[in-house]
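Structure data follow from protein.txt (compact mmCIF, C-alpha atoms and all ligand atoms):
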```
# COMPACT_ATOMS: atom_id res chain seq x y z
CA MET A 109 84.27 -49.36 -26.70
CA THR A 110 81.71 -46.68 -25.72
CA LYS A 111 81.23 -45.66 -22.10
CA THR A 112 78.22 -47.09 -20.21
CA ILE A 113 75.58 -44.38 -19.74
CA THR A 114 73.98 -44.31 -16.30
CA ILE A 115 70.37 -43.18 -16.03
CA LEU A 116 68.57 -42.33 -12.80
CA GLY A 117 64.89 -43.32 -12.91
CA ALA A 118 62.91 -45.81 -15.04
CA GLY A 119 59.91 -43.60 -15.88
CA PRO A 120 58.95 -42.66 -19.46
CA ALA A 121 61.88 -40.19 -19.76
CA GLY A 122 64.61 -42.52 -18.45
CA LEU A 123 63.39 -45.61 -20.31
CA THR A 124 63.10 -43.69 -23.59
CA ALA A 125 66.68 -42.46 -23.20
CA ALA A 126 67.82 -46.05 -22.55
CA ILE A 127 65.98 -47.42 -25.61
CA VAL A 128 67.36 -44.78 -27.99
CA LEU A 129 70.92 -45.18 -26.66
CA GLN A 130 70.87 -48.98 -26.74
CA LYS A 131 69.62 -48.98 -30.31
CA ALA A 132 72.58 -46.77 -31.26
CA GLY A 133 75.03 -49.27 -29.73
CA TYR A 134 75.53 -47.72 -26.27
CA GLN A 135 75.33 -49.69 -23.04
CA THR A 136 72.95 -48.25 -20.46
CA LEU A 137 72.48 -48.89 -16.76
CA VAL A 138 69.16 -47.65 -15.36
CA TYR A 139 68.76 -47.23 -11.59
CA GLU A 140 65.17 -47.49 -10.35
CA LYS A 141 64.44 -47.10 -6.65
CA ASN A 142 61.25 -49.18 -6.77
CA ARG A 143 60.94 -52.90 -7.41
CA ASP A 144 59.38 -52.38 -10.84
CA VAL A 145 58.45 -49.60 -13.25
CA GLY A 146 55.29 -47.52 -12.74
CA ARG A 147 55.01 -48.45 -9.06
CA VAL A 148 53.14 -45.27 -8.11
CA PHE A 149 50.35 -46.13 -10.53
CA TYR A 150 47.75 -48.94 -10.46
CA GLY A 151 46.51 -48.97 -14.02
CA ASP A 152 45.56 -45.27 -13.96
CA LEU A 153 44.21 -44.07 -17.27
CA GLN A 154 46.15 -41.04 -18.46
CA GLY A 155 45.89 -38.91 -21.56
CA LEU A 156 48.71 -38.76 -24.07
CA GLU A 157 48.00 -35.34 -25.50
CA ASN A 158 47.92 -35.05 -29.27
CA TRP A 159 47.49 -31.32 -29.71
CA SER A 160 50.74 -29.58 -28.84
CA GLU A 161 52.50 -30.55 -32.10
CA ASP A 162 51.31 -30.98 -35.69
CA ILE A 163 52.72 -34.51 -35.82
CA ASP A 164 50.57 -37.23 -34.23
CA VAL A 165 52.10 -38.20 -30.88
CA LEU A 166 52.33 -41.91 -31.76
CA ALA A 167 54.00 -41.11 -35.09
CA GLU A 168 56.43 -38.89 -33.19
CA PHE A 169 57.25 -41.68 -30.72
CA GLU A 170 57.87 -44.07 -33.62
CA ALA A 171 60.10 -41.51 -35.34
CA LEU A 172 62.14 -41.32 -32.12
CA GLY A 173 62.65 -45.10 -32.24
CA LEU A 174 59.90 -46.34 -29.90
CA ALA A 175 57.40 -49.09 -30.71
CA ILE A 176 53.76 -48.63 -29.71
CA ASN A 177 53.61 -51.85 -27.68
CA PHE A 178 51.19 -50.53 -25.04
CA ASP A 179 47.40 -50.21 -24.99
CA CYS A 180 46.34 -46.98 -26.56
CA THR A 181 42.76 -45.84 -27.23
CA PRO A 182 42.27 -42.81 -29.49
CA PHE A 183 39.68 -40.20 -28.43
CA SER A 184 38.31 -37.46 -30.67
CA ALA A 185 35.59 -36.38 -28.25
CA LEU A 186 35.39 -35.18 -24.67
CA THR A 187 32.33 -33.96 -22.77
CA VAL A 188 33.04 -31.30 -20.16
CA PHE A 189 30.65 -30.40 -17.31
CA ASN A 190 30.84 -27.61 -14.78
CA GLY A 191 28.04 -29.00 -12.63
CA GLU A 192 25.35 -26.99 -14.41
CA LYS A 193 26.12 -26.94 -18.10
CA GLU A 194 27.82 -29.34 -20.49
CA TRP A 195 30.06 -28.86 -23.55
CA PRO A 196 30.65 -31.64 -26.06
CA PHE A 197 34.11 -31.01 -27.58
CA SER A 198 35.37 -32.85 -30.63
CA CYS A 199 38.13 -32.73 -33.19
CA ALA A 200 38.88 -34.05 -36.65
CA ARG A 201 41.71 -36.35 -35.52
CA PRO A 202 42.39 -37.88 -32.08
CA GLY A 203 42.77 -35.12 -29.50
CA PHE A 204 44.42 -37.57 -27.10
CA TYR A 205 45.09 -41.25 -26.56
CA LEU A 206 44.17 -42.97 -23.33
CA ILE A 207 46.97 -45.15 -22.02
CA ARG A 208 47.42 -47.07 -18.77
CA ARG A 209 50.16 -46.42 -16.22
CA GLY A 210 51.62 -48.98 -13.84
CA ALA A 211 53.65 -52.17 -13.87
CA MET A 212 51.00 -54.36 -15.56
CA ASP A 213 50.96 -55.76 -19.11
CA GLY A 214 49.62 -53.25 -21.61
CA SER A 215 50.71 -50.17 -19.64
CA LEU A 216 53.03 -47.52 -21.07
CA ASP A 217 55.58 -48.22 -18.33
CA HIS A 218 55.60 -51.98 -18.94
CA GLY A 219 55.81 -51.47 -22.72
CA LEU A 220 58.82 -49.14 -22.43
CA LYS A 221 60.50 -51.48 -19.94
CA GLU A 222 60.11 -54.41 -22.37
CA GLN A 223 61.59 -52.33 -25.19
CA ALA A 224 64.54 -51.22 -23.05
CA LEU A 225 65.29 -54.79 -21.93
CA ALA A 226 64.91 -56.16 -25.49
CA ALA A 227 67.40 -53.52 -26.69
CA GLY A 228 69.89 -54.76 -24.04
CA ALA A 229 69.54 -52.16 -21.27
CA THR A 230 70.24 -53.22 -17.69
CA ILE A 231 67.67 -52.00 -15.17
CA LEU A 232 68.73 -52.20 -11.54
CA PHE A 233 65.50 -52.29 -9.51
CA ASN A 234 65.45 -51.36 -5.83
CA GLN A 235 68.63 -49.39 -6.41
CA SER A 236 69.51 -45.75 -6.46
CA LEU A 237 72.50 -43.57 -7.21
CA ALA A 238 73.50 -40.03 -6.22
CA ALA A 239 72.16 -37.75 -8.95
CA ALA A 240 75.67 -36.26 -9.30
CA LYS A 241 76.93 -39.65 -10.50
CA ALA A 242 74.31 -40.12 -13.25
CA ASP A 243 74.75 -39.11 -16.89
CA ILE A 244 71.00 -38.66 -17.32
CA VAL A 245 68.72 -37.69 -14.42
CA ALA A 246 65.13 -38.86 -15.02
CA SER A 247 63.89 -39.09 -11.45
CA GLY A 248 60.52 -37.39 -11.90
CA PRO A 249 58.75 -34.47 -10.17
CA ILE A 250 60.73 -31.95 -8.11
CA VAL A 251 58.90 -31.88 -4.79
CA SER A 252 60.05 -28.34 -3.93
CA HIS A 253 58.36 -27.10 -7.11
CA ARG A 254 55.09 -28.93 -6.67
CA PHE A 255 52.29 -27.11 -8.47
CA ALA A 256 49.48 -29.68 -8.65
CA VAL A 257 48.26 -32.62 -6.58
CA ASP A 258 46.05 -35.44 -7.88
CA LEU A 259 43.87 -37.98 -6.10
CA GLY A 260 41.73 -40.57 -7.79
CA ILE A 261 40.25 -44.04 -7.97
CA VAL A 262 41.00 -46.67 -10.62
CA PHE A 263 38.51 -49.46 -11.12
CA LYS A 264 37.03 -52.03 -13.47
CA THR A 265 33.81 -50.98 -15.16
CA SER A 266 31.27 -51.81 -17.83
CA LEU A 267 31.17 -48.15 -18.88
CA PRO A 268 31.86 -47.97 -22.64
CA ASP A 269 35.00 -46.12 -23.79
CA SER A 270 34.32 -42.51 -22.79
CA ALA A 271 35.98 -39.31 -21.56
CA TYR A 272 34.36 -36.69 -19.32
CA GLY A 273 35.94 -33.61 -17.77
CA LEU A 274 34.69 -31.52 -14.86
CA VAL A 275 35.63 -27.90 -14.21
CA ASN A 276 34.28 -26.87 -10.82
CA ASP A 277 36.20 -25.31 -7.94
CA GLN A 278 34.27 -27.32 -5.33
CA ALA A 279 35.47 -30.54 -6.96
CA ALA A 280 38.88 -29.48 -8.28
CA TYR A 281 40.20 -26.21 -6.90
CA LYS A 282 41.67 -24.15 -9.78
CA GLY A 283 42.10 -27.42 -11.65
CA TYR A 284 39.86 -30.03 -13.18
CA ALA A 285 38.55 -33.53 -12.60
CA TYR A 286 37.92 -36.37 -14.98
CA LEU A 287 36.10 -39.65 -15.47
CA LEU A 288 37.66 -41.87 -18.12
CA ALA A 289 36.90 -45.37 -19.35
CA ALA A 290 38.76 -47.49 -21.87
CA LYS A 291 38.60 -51.22 -22.54
CA GLY A 292 36.80 -52.07 -19.28
CA TYR A 293 38.98 -49.91 -17.00
CA GLY A 294 37.90 -46.64 -15.44
CA CYS A 295 39.58 -43.77 -13.63
CA LEU A 296 37.98 -40.98 -11.61
CA CYS A 297 40.38 -38.27 -10.50
CA THR A 298 40.61 -34.71 -9.25
CA VAL A 299 43.57 -32.41 -9.82
CA LEU A 300 44.03 -29.41 -7.51
CA PHE A 301 46.28 -26.42 -8.18
CA ASP A 302 45.87 -24.91 -4.69
CA ASN A 303 44.24 -25.76 -1.31
CA PHE A 304 45.86 -29.20 -1.45
CA SER A 305 44.61 -30.12 2.03
CA GLU A 306 41.07 -30.20 0.57
CA ILE A 307 41.85 -33.04 -1.81
CA HIS A 308 39.86 -35.82 -0.11
CA ARG A 309 36.73 -33.69 0.11
CA CYS A 310 37.23 -32.65 -3.54
CA LEU A 311 37.41 -36.28 -4.66
CA SER A 312 34.08 -37.05 -2.91
CA GLU A 313 32.53 -33.99 -4.55
CA THR A 314 33.93 -35.05 -7.95
CA GLU A 315 32.28 -38.44 -7.62
CA ARG A 316 29.01 -36.89 -6.46
CA ILE A 317 28.83 -34.49 -9.41
CA PHE A 318 29.80 -37.08 -12.03
CA ARG A 319 27.13 -39.46 -10.74
CA LYS A 320 24.49 -36.82 -11.48
CA PHE A 321 25.40 -36.96 -15.18
CA VAL A 322 26.91 -40.40 -15.84
CA ASP A 323 25.74 -43.81 -14.70
CA PHE A 324 28.80 -45.89 -13.80
CA GLU A 325 29.79 -48.63 -11.40
CA MET A 326 33.22 -49.17 -9.83
CA GLU A 327 34.44 -52.70 -9.35
CA ASP A 328 37.68 -53.43 -7.45
CA PRO A 329 38.43 -49.72 -6.73
CA LYS A 330 41.94 -48.60 -5.76
CA LYS A 331 43.01 -45.13 -4.59
CA VAL A 332 45.78 -43.46 -6.60
CA GLY A 333 47.45 -40.09 -6.50
CA GLY A 334 50.57 -38.06 -7.09
CA MET A 335 51.92 -34.63 -7.85
CA GLY A 336 53.45 -32.56 -10.62
CA GLY A 337 56.56 -30.34 -10.45
CA PHE A 338 57.27 -27.39 -12.72
CA LEU A 339 60.14 -24.98 -13.38
CA LEU A 340 59.37 -21.90 -15.41
CA ALA A 341 62.97 -21.95 -16.58
CA PRO A 342 63.61 -25.71 -16.88
CA VAL A 343 67.12 -26.92 -16.08
CA PHE A 344 68.33 -29.20 -18.89
CA GLU A 345 71.95 -29.55 -17.80
CA LYS A 346 73.62 -29.54 -14.39
CA GLU A 347 77.41 -29.78 -14.57
CA HIS A 348 77.89 -32.77 -16.89
CA ARG A 349 74.42 -34.27 -16.29
CA PHE A 350 71.42 -34.13 -18.60
CA MET A 351 68.09 -33.51 -16.86
CA VAL A 352 65.01 -34.95 -18.58
CA GLY A 353 61.25 -35.16 -18.03
CA GLU A 354 59.88 -33.79 -14.78
CA ALA A 355 63.35 -33.86 -13.23
CA ALA A 356 64.15 -30.97 -15.61
CA GLY A 357 60.98 -29.22 -14.43
CA LEU A 358 59.16 -30.02 -17.68
CA GLN A 359 55.42 -29.98 -17.20
CA ASP A 360 52.32 -28.42 -18.66
CA MET A 361 51.31 -25.99 -15.96
CA LEU A 362 47.79 -25.58 -17.30
CA TRP A 363 46.71 -29.20 -16.89
CA GLY A 364 49.74 -31.38 -16.10
CA PHE A 365 50.19 -33.30 -19.35
CA GLY A 366 53.83 -34.32 -18.87
CA ILE A 367 54.24 -37.68 -20.61
CA ARG A 368 54.96 -36.39 -24.09
CA SER A 369 57.64 -33.98 -22.81
CA ALA A 370 59.16 -36.75 -20.71
CA VAL A 371 59.48 -39.12 -23.67
CA VAL A 372 60.70 -36.47 -26.11
CA SER A 373 63.26 -34.98 -23.69
CA GLY A 374 64.59 -38.48 -22.92
CA ALA A 375 65.05 -39.08 -26.64
CA LEU A 376 66.68 -35.66 -27.22
CA ALA A 377 69.20 -36.24 -24.42
CA ALA A 378 70.07 -39.66 -25.88
CA GLN A 379 70.41 -38.26 -29.40
CA SER A 380 72.75 -35.57 -28.17
CA ILE A 381 75.04 -38.19 -26.58
CA ILE A 382 74.96 -40.18 -29.82
CA SER A 383 75.54 -37.30 -32.22
CA GLY A 384 77.46 -34.84 -30.05
CA THR A 385 74.91 -32.06 -30.63
CA SER A 386 73.82 -29.80 -27.79
CA TYR A 387 70.95 -31.19 -25.69
CA GLN A 388 70.51 -27.79 -24.08
CA GLU A 389 69.92 -26.18 -27.46
CA THR A 390 67.49 -28.75 -28.86
CA ALA A 391 65.59 -28.95 -25.58
CA ARG A 392 65.28 -25.19 -25.26
CA HIS A 393 64.06 -24.99 -28.83
CA ARG A 394 61.43 -27.66 -28.25
CA PHE A 395 60.23 -26.82 -24.75
CA LEU A 396 60.87 -23.23 -23.62
CA GLY A 397 58.01 -21.66 -25.57
CA LYS A 398 55.59 -24.40 -24.48
CA GLN A 399 56.67 -24.10 -20.85
CA LYS A 400 56.06 -20.35 -20.89
CA ALA A 401 52.76 -20.76 -22.76
CA GLY A 402 51.59 -23.29 -20.17
CA PHE A 403 52.44 -20.87 -17.39
CA VAL A 404 50.49 -18.03 -19.00
CA ASN A 405 47.62 -20.43 -19.75
CA ARG A 406 47.43 -21.18 -16.04
CA TYR A 407 47.17 -17.46 -15.29
CA LEU A 408 44.46 -17.03 -17.96
CA TRP A 409 42.60 -20.08 -16.62
CA GLU A 410 42.53 -18.67 -13.11
CA THR A 411 41.78 -15.10 -14.23
CA PHE A 412 38.94 -15.94 -16.61
CA GLY A 413 37.67 -18.95 -14.66
CA ARG A 414 34.88 -16.97 -13.04
CA ASN A 415 31.36 -18.45 -13.27
CA ASN A 416 32.73 -21.95 -12.93
CA TYR A 417 34.83 -21.69 -16.11
CA SER A 418 31.81 -21.22 -18.35
CA HIS A 419 33.38 -18.19 -20.13
CA ILE A 420 36.41 -20.29 -21.04
CA MET A 421 34.38 -23.33 -22.08
CA ASP A 422 32.07 -21.18 -24.24
CA ARG A 423 35.12 -19.61 -25.89
CA ILE A 424 36.64 -23.03 -26.67
CA ASP A 425 33.28 -24.27 -27.89
CA ARG A 426 33.06 -21.47 -30.45
CA SER A 427 36.51 -22.25 -31.85
CA GLY A 428 35.48 -25.00 -34.29
CA ASP A 429 38.21 -27.67 -34.33
CA HIS A 430 39.08 -27.92 -30.65
CA ARG A 431 42.36 -29.75 -31.24
CA LYS A 432 43.58 -26.81 -33.30
CA PHE A 433 42.50 -24.40 -30.57
CA PHE A 434 44.61 -26.27 -28.04
CA HIS A 435 47.53 -26.49 -30.47
CA ASP A 436 47.60 -22.70 -30.72
CA PHE A 437 47.30 -22.30 -26.95
CA TYR A 438 50.07 -24.76 -26.11
CA ASN A 439 52.55 -22.88 -28.32
CA LEU A 440 53.75 -19.40 -27.41
CA ASN A 441 51.75 -16.73 -29.23
CA LEU A 442 51.38 -12.95 -29.05
CA LEU A 443 48.73 -13.11 -26.33
CA HIS A 444 51.08 -15.21 -24.17
CA ARG A 445 53.91 -12.71 -24.67
CA LEU A 446 51.70 -9.78 -23.68
CA ALA A 447 50.18 -11.53 -20.67
CA TYR A 448 53.48 -13.00 -19.42
CA PRO A 449 54.55 -10.16 -17.06
CA PHE A 450 51.08 -10.14 -15.46
CA ALA A 451 51.17 -13.92 -15.10
CA PHE A 452 54.61 -13.78 -13.51
CA HIS A 453 53.65 -11.16 -10.93
CA SER A 454 50.34 -12.83 -10.14
CA LEU A 455 51.72 -16.35 -9.66
CA LYS A 456 55.23 -15.50 -8.42
CA LYS A 457 54.66 -16.14 -4.75
CA ARG A 458 52.47 -19.20 -5.04
CA TYR A 459 54.85 -21.00 -7.36
CA ASN A 460 58.09 -19.86 -5.78
CA LEU A 461 59.32 -18.24 -9.00
CA LEU A 462 62.71 -16.53 -9.31
CA SER A 463 63.12 -13.16 -10.97
CA ASP A 464 65.60 -14.84 -13.40
CA ASP A 465 62.55 -16.63 -14.79
CA VAL A 466 61.38 -13.39 -16.43
CA GLN A 467 63.02 -13.47 -19.86
C1 LIG B 501 47.94 -38.93 -10.83
C2 LIG B 501 48.67 -38.40 -12.05
C3 LIG B 501 47.99 -38.27 -13.25
C4 LIG B 501 48.67 -37.82 -14.37
N1 LIG B 501 48.01 -37.73 -15.56
C5 LIG B 501 48.66 -37.38 -16.69
C6 LIG B 501 48.00 -37.39 -17.95
O1 LIG B 501 46.82 -37.69 -18.06
N2 LIG B 501 48.74 -37.07 -19.05
C7 LIG B 501 50.06 -36.71 -18.97
O2 LIG B 501 50.69 -36.43 -20.02
N3 LIG B 501 50.71 -36.69 -17.79
C8 LIG B 501 50.04 -37.03 -16.65
N4 LIG B 501 50.70 -37.03 -15.46
C9 LIG B 501 52.11 -36.62 -15.43
C10 LIG B 501 53.01 -37.76 -15.91
O3 LIG B 501 52.72 -38.92 -15.18
C11 LIG B 501 54.46 -37.35 -15.71
O4 LIG B 501 54.68 -36.08 -16.28
C12 LIG B 501 55.44 -38.34 -16.35
O5 LIG B 501 55.30 -39.63 -15.81
C13 LIG B 501 56.86 -37.85 -16.11
O6 LIG B 501 57.77 -38.84 -16.52
P1 LIG B 501 59.25 -38.88 -15.92
O7 LIG B 501 59.91 -40.04 -16.56
O8 LIG B 501 59.87 -37.54 -16.02
O9 LIG B 501 59.05 -39.12 -14.35
P2 LIG B 501 58.32 -40.30 -13.57
O10 LIG B 501 57.24 -40.91 -14.38
O11 LIG B 501 57.97 -39.73 -12.25
O12 LIG B 501 59.46 -41.41 -13.40
C14 LIG B 501 60.53 -41.20 -12.53
C15 LIG B 501 61.07 -42.56 -12.11
O13 LIG B 501 62.26 -42.36 -11.38
C16 LIG B 501 62.23 -43.17 -10.20
N5 LIG B 501 63.08 -42.48 -9.21
C17 LIG B 501 62.82 -41.31 -8.58
N6 LIG B 501 63.83 -40.98 -7.76
C18 LIG B 501 64.74 -41.98 -7.87
C19 LIG B 501 66.00 -42.22 -7.26
N7 LIG B 501 66.53 -41.37 -6.38
N8 LIG B 501 66.67 -43.36 -7.60
C20 LIG B 501 66.14 -44.23 -8.48
N9 LIG B 501 64.95 -44.06 -9.08
C21 LIG B 501 64.27 -42.95 -8.79
C22 LIG B 501 60.77 -43.23 -9.83
O14 LIG B 501 60.51 -44.34 -9.00
C23 LIG B 501 60.12 -43.32 -11.20
O15 LIG B 501 60.01 -44.66 -11.63
C24 LIG B 501 50.05 -37.46 -14.30
C25 LIG B 501 50.72 -37.57 -13.08
C26 LIG B 501 50.04 -38.02 -11.95
C27 LIG B 501 50.81 -38.14 -10.66
```

Please express the file's structure as structure tokens.
Amino acid sequence: MTKTITILGAGPAGLTAAIVLQKAGYQTLVYEKNRDVGRVFYGDLQGLENWSEDIDVLAEFEALGLAINFDCTPFSALTVFNGEKEWPFSCARPGFYLIRRGAMDGSLDHGLKEQALAAGATILFNQSLAAAKADIVASGPIVSHRFAVDLGIVFKTSLPDSAYGLVNDQAAYKGYAYLLAAKGYGCLCTVLFDNFSEIHRCLSETERIFRKFVDFEMEDPKKVGGMGGFLLAPVFEKEHRFMVGEAAGLQDMLWGFGIRSAVVSGALAAQSIISGTSYQETARHRFLGKQKAGFVNRYLWETFGRNNYSHIMDRIDRSGDHRKFFHDFYNLNLLHRLAYPFAFHSLKKRYNLLSDDVQ
């Protein structure tokens, strides 16, 4: 009989690990401190990025053993404003999929929970465990390494399926804001990478600017928010424990797209238990370059973000297929390697980086 694998946290990373393990004949016990999955979200629309790998993200999830049993709307276009100018970006295949987060039917969290339960996993809600006692730690963002804070509003709307971005330091300091709509649900959000105490004012400014360009109504609005944690040198193993998702420090430091890494790292940890291969090795291979690229991208974003990001937006606009542009920028290239020491020294203090992170 195989040992029961204990998993701390029922987010995308922990639930994926449970699904993959159960399907391979392992018993899993998932501890979730809240009374259901996705309790920090209220139907928030989030983007499942489809640019960092050649393989389509949904095809990758299926190849890992997941079913796509959650609502998922493909987007090949995004209009970005900076308050003065607008850029219509597009790509040949979906650049991202909009999904919903929360405990409700149709959300990613609910879909993964259903798959885990159907595969035979036990989820203990309202229960926790010391991280040292877990086999897989999937407990989400590391508060001490917070790098971004989000605040937004989710609502019902008659706005047709659409995606708008806003780059403007008055509305989203060193970050970005967005207005998304899919299947009658909307989400307006700002993401700050500094000056976190300004977040409420930034959300009001975000709404004000979007209303100048887009006509939308908000029915049944609810405030949402959260944070992202990042480690330049992610920690994949601690003693005997596997660290996955944001608990490992995995995040995209440019814009905070962490779902794909969470799901993939959860699956890699499970596969390593099943096959006896090294999780550390496969995870480093998959994520280290991207983590470093994201860090340098953040430095480039802040350095070349003068004139309300219009230089950067013009540069992306000229690139042709915008999905391909992002693919190249999310994977470590020569420019990243050259800019890395400058990025490290510029962002060291703000992001509490250790000199061991320079590799
Ligand atoms: C407002 C907001 C918008 C975002 N938008 C996007 C987006 O558009 N695209 C994108 O890719 N990413 C986005 N992200 C990031 C994305 O949500 C995360 O990267 C992803 O959910 C990480 O998954 P995870 O499983 O590692 O952690 P989490 O989703 O945080 O799950 C961790 C789980 O562990 C539980 N837990 C924590 N501690 C304990 C404990 N001690 N005991 C038991 N249970 C515990 C938590 O309750 C939670 O259920 C956004 C994040 C926020 C906050």

How would you write, as a ChimeraX atom specification, the set of residues no farther than 7 Å from ligand LIG 501 (chain B) when counting all atoms listed in the file?
/A:116-122,139-142,145-147,153-157,235-237,246-249,258-259,332-336,352-355,359,364-368,370

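When all atoms listed in the file are used to measure the gap to Ala375 (chain A), the shortest distance among A:Thr124, A:Asn415, A:Asn276, A:Ser184 belongs to A:Thr124.
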
Find the residues near region 300-312 of chain A: any atom within 12 Å, counting all atoms listed in the file, skip ones fewer than 3 places away on the same chain, and give them as a PDB file with C-alpha atoms, keeping the file's coordinate frame.
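selection-v8.pdb written:
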```pdb
ATOM      1  CA  ARG A 254      55.090 -28.930  -6.670  1.00  0.00           C
ATOM      2  CA  PHE A 255      52.290 -27.110  -8.470  1.00  0.00           C
ATOM      3  CA  ALA A 256      49.480 -29.680  -8.650  1.00  0.00           C
ATOM      4  CA  VAL A 257      48.260 -32.620  -6.580  1.00  0.00           C
ATOM      5  CA  ASP A 258      46.050 -35.440  -7.880  1.00  0.00           C
ATOM      6  CA  LEU A 259      43.870 -37.980  -6.100  1.00  0.00           C
ATOM      7  CA  GLY A 260      41.730 -40.570  -7.790  1.00  0.00           C
ATOM      8  CA  ILE A 261      40.250 -44.040  -7.970  1.00  0.00           C
ATOM      9  CA  LEU A 274      34.690 -31.520 -14.860  1.00  0.00           C
ATOM     10  CA  VAL A 275      35.630 -27.900 -14.210  1.00  0.00           C
ATOM     11  CA  ASN A 276      34.280 -26.870 -10.820  1.00  0.00           C
ATOM     12  CA  ASP A 277      36.200 -25.310  -7.940  1.00  0.00           C
ATOM     13  CA  GLN A 278      34.270 -27.320  -5.330  1.00  0.00           C
ATOM     14  CA  ALA A 279      35.470 -30.540  -6.960  1.00  0.00           C
ATOM     15  CA  ALA A 280      38.880 -29.480  -8.280  1.00  0.00           C
ATOM     16  CA  TYR A 281      40.200 -26.210  -6.900  1.00  0.00           C
ATOM     17  CA  LYS A 282      41.670 -24.150  -9.780  1.00  0.00           C
ATOM     18  CA  GLY A 283      42.100 -27.420 -11.650  1.00  0.00           C
ATOM     19  CA  TYR A 284      39.860 -30.030 -13.180  1.00  0.00           C
ATOM     20  CA  ALA A 285      38.550 -33.530 -12.600  1.00  0.00           C
ATOM     21  CA  TYR A 286      37.920 -36.370 -14.980  1.00  0.00           C
ATOM     22  CA  LEU A 287      36.100 -39.650 -15.470  1.00  0.00           C
ATOM     23  CA  CYS A 295      39.580 -43.770 -13.630  1.00  0.00           C
ATOM     24  CA  LEU A 296      37.980 -40.980 -11.610  1.00  0.00           C
ATOM     25  CA  CYS A 297      40.380 -38.270 -10.500  1.00  0.00           C
ATOM     26  CA  GLU A 315      32.280 -38.440  -7.620  1.00  0.00           C
ATOM     27  CA  ARG A 316      29.010 -36.890  -6.460  1.00  0.00           C
ATOM     28  CA  ILE A 317      28.830 -34.490  -9.410  1.00  0.00           C
ATOM     29  CA  PHE A 318      29.800 -37.080 -12.030  1.00  0.00           C
ATOM     30  CA  ARG A 319      27.130 -39.460 -10.740  1.00  0.00           C
ATOM     31  CA  LYS A 331      43.010 -45.130  -4.590  1.00  0.00           C
ATOM     32  CA  VAL A 332      45.780 -43.460  -6.600  1.00  0.00           C
ATOM     33  CA  GLY A 333      47.450 -40.090  -6.500  1.00  0.00           C
ATOM     34  CA  GLY A 334      50.570 -38.060  -7.090  1.00  0.00           C
ATOM     35  CA  MET A 335      51.920 -34.630  -7.850  1.00  0.00           C
ATOM     36  CA  GLY A 336      53.450 -32.560 -10.620  1.00  0.00           C
ATOM     37  CA  GLY A 337      56.560 -30.340 -10.450  1.00  0.00           C
ATOM     38  CA  PHE A 338      57.270 -27.390 -12.720  1.00  0.00           C
ATOM     39  CA  MET A 361      51.310 -25.990 -15.960  1.00  0.00           C
ATOM     40  CA  LEU A 362      47.790 -25.580 -17.300  1.00  0.00           C
ATOM     41  CA  TRP A 363      46.710 -29.200 -16.890  1.00  0.00           C
ATOM     42  CA  GLY A 364      49.740 -31.380 -16.100  1.00  0.00           C
ATOM     43  CA  ARG A 406      47.430 -21.180 -16.040  1.00  0.00           C
ATOM     44  CA  TYR A 407      47.170 -17.460 -15.290  1.00  0.00           C
ATOM     45  CA  TRP A 409      42.600 -20.080 -16.620  1.00  0.00           C
ATOM     46  CA  GLU A 410      42.530 -18.670 -13.110  1.00  0.00           C
ATOM     47  CA  LEU A 455      51.720 -16.350  -9.660  1.00  0.00           C
ATOM     48  CA  ARG A 458      52.470 -19.200  -5.040  1.00  0.00           C
ATOM     49  CA  TYR A 459      54.850 -21.000  -7.360  1.00  0.00           C
TER      50      TYR A 459
END
```

May I have the residues at most 12 Å from (44.1, -12.7, -16.4) in the file's coordinates, counting all atoms listed in the file, as a list in words?
Phe403, Val404, Asn405, Arg406, Tyr407, Leu408, Trp409, Glu410, Thr411, Phe412, Gly413, Arg414, Ile420, Leu443, His444, Leu446, Ala447, Tyr448, Pro449, Phe450, Ala451, Phe452, His453, Ser454 and Leu455 of chain A

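Among A:His393, A:Lys457, A:His218, A:Arg201, the residue with the shortest atom-to-atom distance to Lys432 (chain A), counting all atoms listed in the file, is A:Arg201.
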
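Residue nearest Leu461 (chain A), chosen from A:Val371, A:Leu340, A:Ala171, A:Leu220 and counting only C-alpha atoms: A:Leu340.
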
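The space between CA of Ala240 (chain A) and CA of Thr385 (chain A) spans 21.8 Å.
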
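Each of A:Cys180, A:Leu225, A:Ile382, A:Ile424 was compared to Ser198 (chain A) using all atoms listed in the file, and A:Ile424 turns out to be the nearest.
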
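Checking A:Pro268, A:Ala238, A:Phe183, A:Leu137 one by one against Val322 (chain A), counting only C-alpha atoms, you find the shortest gap at A:Pro268.
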
Two-atom distance - CA of Lys330 (chain A), CA of Val262 (chain A) (Å):
5.3 Å

Would you list the contacts of Asp429 (chain A) as number ranges by chain, taking every protein, DNA or RNA residue within 8 Å and counting all atoms listed in the file, but skipping same-chain residues closer than 2 positions in sequence?
A: 198-200, 427, 431-433

For the residues selected in the previous step, produce a file with C-alpha atoms as an mmCIF file, keeping the file's coordinate frame.
```cif
data_model
loop_
_atom_site.group_PDB
_atom_site.id
_atom_site.type_symbol
_atom_site.label_atom_id
_atom_site.label_comp_id
_atom_site.auth_asym_id
_atom_site.auth_seq_id
_atom_site.Cartn_x
_atom_site.Cartn_y
_atom_site.Cartn_z
ATOM 1 C CA SER A 198 35.370 -32.850 -30.630
ATOM 2 C CA CYS A 199 38.130 -32.730 -33.190
ATOM 3 C CA ALA A 200 38.880 -34.050 -36.650
ATOM 4 C CA SER A 427 36.510 -22.250 -31.850
ATOM 5 C CA ARG A 431 42.360 -29.750 -31.240
ATOM 6 C CA LYS A 432 43.580 -26.810 -33.300
ATOM 7 C CA PHE A 433 42.500 -24.400 -30.570
#
```
